[in-house]
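Reviewing the structure listed below.
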Amino acid sequence: MPKTSLDFLASAPEVTRRLIGATLLVHGVGGRIVETEAYDREDPASHSFSGPTLRNAAMFGPPAHTYVYRSYGIHWCLNLVCREEGHGAGVLIRAIEPLEGMDLMRERRGLEEIRLLCAGPGRVAQALGISSAHNAMATSVPPFKLLPAPAKVKVISGPRIGISKAMDQPWRFGLEGSRFLSRPFR
DNA sequence: TAACCGATTAGCT
DNA sequence: GCTAATCGGTTAA
């Protein structure tokens, strides 16, 4: 229990930036977070924008918990809830540098190429074995393990991917120079 | 009908 | 090496 534990109560972009470089494991499988995106309540691109529904309920639950949703009817995507309970903000985990449980991740993804194992939110969820069963769970207890980033990570930012609103907000964050990003920053 | 996307294909530098 | 286009499913406005 490091005293430098992550503060999920800060603003969504702040929490999102600080998650870059953090280590995320599920049942000991995962690695270092290298790409994230912020979503907030007053944010037309956020699932929480129009208030609570059955699907996004976890976004309005306690911080440091998960919000898992189905994307385009096919993939699962993992978010971490931030700000105070009931606010409706979260961080989308977009890419991870694979470090632990490589064999299991390769098997789940049906892929050898390490660079593409977790390069994208749907890919992250598949490699880590995330599904709706992992929705609204605390990240501080098993099967989850979340370790804060080291002090000196270099973070870059840019517009979010796959949205058509609030394009002006640079709420996508990445680890500078990482080759495990879903797409490069420019 | 548009979405917090991935695999594939076709084209480019 | 890269980008753009296409299509596949569910959800919810």
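Convention: chains lettered A, B, ... in structure tokens order; per-chain residue numbering from 1; ligands numbered from 1 as shown.
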**OP:** From the DSSP assignment of the backbone, select every residue of region 7-185 of chain A that is alpha helix (DSSP H), and format the answer as a PyMOL selection string.
**Re:** chain A and resi 12-18+102-109+121-128
List every residue of chain C that has an atom at most 8 Å from any atom of chain A, and for each one report the closest atom pair and its distance in Å to one decimal, counting only C-alpha atoms (C1' of nucleotides), with rows sorted by chain and then by increasing residue number, as a Markdown table.
```
| residue | atom | partner | partner_atom | distance |
| --- | --- | --- | --- | --- |
| C:DG9 | C1' | A:Gly73 | CA | 3.9 |
| C:DT10 | C1' | A:Gly73 | CA | 3.8 |
| C:DT11 | C1' | A:Gly73 | CA | 7.8 |
```
Original post:
If we count only C-alpha atoms (C1' of nucleotides), which residues of chain B reach to within 8 Å of chain A? Please list them as a VMD selection string.
Top reply: chain B and resid 3 to 6
Going by DSSP on the backbone, which residues of region 97-158 of chain A come out as strand (DSSP E)? List them as a PDB file with N, CA and C atoms, in the first residue's frame.
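Everything below was put into part34.pdb:
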```
ATOM      1  N   GLU A  97       1.368  -1.421 -22.490  1.00  0.00           N
ATOM      2  CA  GLU A  97       2.597  -2.105 -22.904  1.00  0.00           C
ATOM      3  C   GLU A  97       2.622  -3.456 -22.213  1.00  0.00           C
ATOM      4  N   PRO A  98       2.513  -4.546 -22.969  1.00  0.00           N
ATOM      5  CA  PRO A  98       2.409  -5.879 -22.360  1.00  0.00           C
ATOM      6  C   PRO A  98       3.680  -6.232 -21.589  1.00  0.00           C
ATOM      7  N   LEU A  99       3.515  -6.646 -20.329  1.00  0.00           N
ATOM      8  CA  LEU A  99       4.675  -7.011 -19.508  1.00  0.00           C
ATOM      9  C   LEU A  99       4.482  -8.350 -18.789  1.00  0.00           C
ATOM     10  N   GLU A 100       3.297  -8.584 -18.251  1.00  0.00           N
ATOM     11  CA  GLU A 100       3.045  -9.796 -17.471  1.00  0.00           C
ATOM     12  C   GLU A 100       1.997 -10.675 -18.143  1.00  0.00           C
ATOM     13  N   PHE A 144      -7.916  -7.259  -9.610  1.00  0.00           N
ATOM     14  CA  PHE A 144      -7.216  -6.095 -10.142  1.00  0.00           C
ATOM     15  C   PHE A 144      -6.004  -5.724  -9.297  1.00  0.00           C
ATOM     16  N   LYS A 145      -5.032  -5.142  -9.968  1.00  0.00           N
ATOM     17  CA  LYS A 145      -3.876  -4.583  -9.287  1.00  0.00           C
ATOM     18  C   LYS A 145      -3.472  -3.336 -10.054  1.00  0.00           C
ATOM     19  N   LEU A 146      -3.394  -2.219  -9.332  1.00  0.00           N
ATOM     20  CA  LEU A 146      -3.084  -0.944  -9.970  1.00  0.00           C
ATOM     21  C   LEU A 146      -1.982  -0.252  -9.180  1.00  0.00           C
ATOM     22  N   LEU A 147      -0.827  -0.071  -9.827  1.00  0.00           N
ATOM     23  CA  LEU A 147       0.326   0.548  -9.181  1.00  0.00           C
ATOM     24  C   LEU A 147       0.598   1.897  -9.813  1.00  0.00           C
ATOM     25  N   VAL A 155       4.685  12.584 -20.633  1.00  0.00           N
ATOM     26  CA  VAL A 155       3.331  12.395 -21.144  1.00  0.00           C
ATOM     27  C   VAL A 155       3.046  13.412 -22.242  1.00  0.00           C
ATOM     28  N   ILE A 156       2.441  12.935 -23.333  1.00  0.00           N
ATOM     29  CA  ILE A 156       2.014  13.823 -24.399  1.00  0.00           C
ATOM     30  C   ILE A 156       0.498  13.751 -24.516  1.00  0.00           C
ATOM     31  N   SER A 157      -0.124  14.741 -25.164  1.00  0.00           N
ATOM     32  CA  SER A 157      -1.579  14.762 -25.253  1.00  0.00           C
ATOM     33  C   SER A 157      -2.031  15.199 -26.631  1.00  0.00           C
ATOM     34  N   GLY A 158      -3.294  14.937 -26.914  1.00  0.00           N
ATOM     35  CA  GLY A 158      -3.865  15.307 -28.203  1.00  0.00           C
ATOM     36  C   GLY A 158      -5.357  15.061 -28.187  1.00  0.00           C
TER      37      GLY A 158
END
```
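Residues in contact with DT6 (chain C) at up to 12 Å, not including ones fewer than 2 positions away on its chain and judged by only C-alpha atoms (C1' of nucleotides), are DG6, DA7, DT8, DT9 and DA10 of chain B; DA4 and DG8 of chain C.
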Kindly save the residues from that selection, with all heavy atoms included, as a compact mmCIF listing (two decimals), in the first residue's frame.
```txt
# COMPACT_ATOMS: atom_id res chain seq x y z
P DG B 6 -9.88 -1.12 -30.93
OP1 DG B 6 -9.21 -1.64 -29.74
OP2 DG B 6 -9.30 0.00 -31.69
O5' DG B 6 -10.11 -2.34 -31.92
C5' DG B 6 -10.70 -3.52 -31.40
C4' DG B 6 -10.75 -4.59 -32.47
O4' DG B 6 -11.65 -4.18 -33.52
C3' DG B 6 -9.42 -4.88 -33.15
O3' DG B 6 -9.36 -6.28 -33.40
C2' DG B 6 -9.49 -4.06 -34.43
C1' DG B 6 -10.97 -4.11 -34.76
N9 DG B 6 -11.49 -2.91 -35.42
C8 DG B 6 -11.17 -1.60 -35.13
N7 DG B 6 -11.81 -0.74 -35.87
C5 DG B 6 -12.59 -1.54 -36.70
C6 DG B 6 -13.48 -1.17 -37.73
O6 DG B 6 -13.78 -0.04 -38.11
N1 DG B 6 -14.07 -2.28 -38.32
C2 DG B 6 -13.82 -3.58 -37.97
N2 DG B 6 -14.46 -4.52 -38.66
N3 DG B 6 -12.98 -3.94 -37.02
C4 DG B 6 -12.40 -2.87 -36.43
P DA B 7 -8.10 -6.97 -34.01
OP1 DA B 7 -7.91 -8.20 -33.24
OP2 DA B 7 -7.02 -5.99 -34.17
O5' DA B 7 -8.59 -7.38 -35.47
C5' DA B 7 -9.64 -8.32 -35.59
C4' DA B 7 -9.91 -8.57 -37.06
O4' DA B 7 -10.53 -7.40 -37.64
C3' DA B 7 -8.66 -8.86 -37.88
O3' DA B 7 -8.93 -9.93 -38.77
C2' DA B 7 -8.40 -7.55 -38.62
C1' DA B 7 -9.80 -6.97 -38.77
N9 DA B 7 -9.83 -5.52 -38.77
C8 DA B 7 -9.09 -4.68 -37.98
N7 DA B 7 -9.34 -3.41 -38.19
C5 DA B 7 -10.31 -3.42 -39.19
C6 DA B 7 -10.99 -2.41 -39.86
N6 DA B 7 -10.79 -1.10 -39.61
N1 DA B 7 -11.88 -2.76 -40.80
C2 DA B 7 -12.08 -4.06 -41.05
N3 DA B 7 -11.50 -5.11 -40.48
C4 DA B 7 -10.61 -4.72 -39.55
P DT B 8 -7.81 -10.48 -39.74
OP1 DT B 8 -8.04 -11.93 -39.89
OP2 DT B 8 -6.50 -9.96 -39.29
O5' DT B 8 -8.17 -9.76 -41.12
C5' DT B 8 -9.48 -9.88 -41.64
C4' DT B 8 -9.64 -8.94 -42.80
O4' DT B 8 -9.66 -7.58 -42.33
C3' DT B 8 -8.51 -9.00 -43.83
O3' DT B 8 -9.02 -9.50 -45.04
C2' DT B 8 -8.03 -7.55 -43.97
C1' DT B 8 -9.18 -6.76 -43.37
N1 DT B 8 -8.77 -5.47 -42.79
C2 DT B 8 -9.37 -4.32 -43.26
O2 DT B 8 -10.22 -4.33 -44.14
N3 DT B 8 -8.94 -3.16 -42.68
C4 DT B 8 -7.98 -3.04 -41.68
O4 DT B 8 -7.68 -1.95 -41.25
C5 DT B 8 -7.40 -4.28 -41.25
C7 DT B 8 -6.34 -4.26 -40.18
C6 DT B 8 -7.82 -5.42 -41.81
P DT B 9 -8.06 -9.84 -46.27
OP1 DT B 9 -8.62 -11.02 -46.94
OP2 DT B 9 -6.66 -9.85 -45.81
O5' DT B 9 -8.24 -8.57 -47.21
C5' DT B 9 -9.55 -8.09 -47.49
C4' DT B 9 -9.46 -6.72 -48.14
O4' DT B 9 -9.12 -5.72 -47.15
C3' DT B 9 -8.38 -6.62 -49.24
O3' DT B 9 -8.98 -6.12 -50.43
C2' DT B 9 -7.37 -5.64 -48.66
C1' DT B 9 -8.22 -4.81 -47.73
N1 DT B 9 -7.48 -4.15 -46.64
C2 DT B 9 -7.66 -2.78 -46.44
O2 DT B 9 -8.42 -2.10 -47.12
N3 DT B 9 -6.94 -2.26 -45.40
C4 DT B 9 -6.07 -2.94 -44.57
O4 DT B 9 -5.47 -2.35 -43.69
C5 DT B 9 -5.93 -4.34 -44.85
C7 DT B 9 -4.99 -5.16 -44.00
C6 DT B 9 -6.63 -4.87 -45.85
P DA B 10 -8.22 -6.19 -51.83
OP1 DA B 10 -9.20 -6.65 -52.83
OP2 DA B 10 -6.94 -6.91 -51.66
O5' DA B 10 -7.89 -4.66 -52.10
C5' DA B 10 -8.94 -3.69 -52.03
C4' DA B 10 -8.35 -2.30 -52.00
O4' DA B 10 -7.77 -2.04 -50.71
C3' DA B 10 -7.22 -2.09 -53.03
O3' DA B 10 -7.42 -0.86 -53.73
C2' DA B 10 -5.97 -2.06 -52.18
C1' DA B 10 -6.50 -1.43 -50.90
N9 DA B 10 -5.68 -1.71 -49.73
C8 DA B 10 -5.13 -2.91 -49.35
N7 DA B 10 -4.43 -2.85 -48.24
C5 DA B 10 -4.52 -1.52 -47.87
C6 DA B 10 -4.00 -0.81 -46.77
N6 DA B 10 -3.25 -1.35 -45.83
N1 DA B 10 -4.28 0.51 -46.69
C2 DA B 10 -5.03 1.07 -47.64
N3 DA B 10 -5.58 0.50 -48.71
C4 DA B 10 -5.28 -0.81 -48.77
P DA C 4 -6.14 9.03 -43.00
OP1 DA C 4 -6.40 10.43 -43.34
OP2 DA C 4 -6.44 8.51 -41.65
O5' DA C 4 -6.91 8.11 -44.06
C5' DA C 4 -6.78 8.37 -45.45
C4' DA C 4 -7.79 7.55 -46.22
O4' DA C 4 -7.44 6.14 -46.15
C3' DA C 4 -9.22 7.65 -45.68
O3' DA C 4 -10.12 7.62 -46.77
C2' DA C 4 -9.34 6.42 -44.79
C1' DA C 4 -8.50 5.41 -45.54
N9 DA C 4 -7.88 4.40 -44.70
C8 DA C 4 -7.31 4.56 -43.47
N7 DA C 4 -6.81 3.46 -42.94
C5 DA C 4 -7.09 2.50 -43.91
C6 DA C 4 -6.83 1.13 -43.97
N6 DA C 4 -6.21 0.45 -43.01
N1 DA C 4 -7.24 0.45 -45.08
C2 DA C 4 -7.86 1.14 -46.04
N3 DA C 4 -8.15 2.44 -46.10
C4 DA C 4 -7.74 3.07 -44.99
P DG C 8 -21.63 -6.77 -43.00
OP1 DG C 8 -21.90 -7.75 -44.05
OP2 DG C 8 -22.56 -5.65 -42.77
O5' DG C 8 -21.45 -7.54 -41.64
C5' DG C 8 -20.24 -8.21 -41.36
C4' DG C 8 -19.87 -7.97 -39.93
O4' DG C 8 -19.35 -6.64 -39.77
C3' DG C 8 -21.06 -8.06 -38.94
O3' DG C 8 -20.80 -9.07 -38.01
C2' DG C 8 -21.12 -6.69 -38.27
C1' DG C 8 -19.72 -6.16 -38.49
N9 DG C 8 -19.64 -4.70 -38.53
C8 DG C 8 -20.37 -3.84 -39.30
N7 DG C 8 -20.06 -2.59 -39.13
C5 DG C 8 -19.06 -2.61 -38.19
C6 DG C 8 -18.33 -1.56 -37.60
O6 DG C 8 -18.43 -0.35 -37.82
N1 DG C 8 -17.40 -2.03 -36.69
C2 DG C 8 -17.21 -3.34 -36.37
N2 DG C 8 -16.28 -3.60 -35.47
N3 DG C 8 -17.87 -4.34 -36.92
C4 DG C 8 -18.79 -3.90 -37.81
```
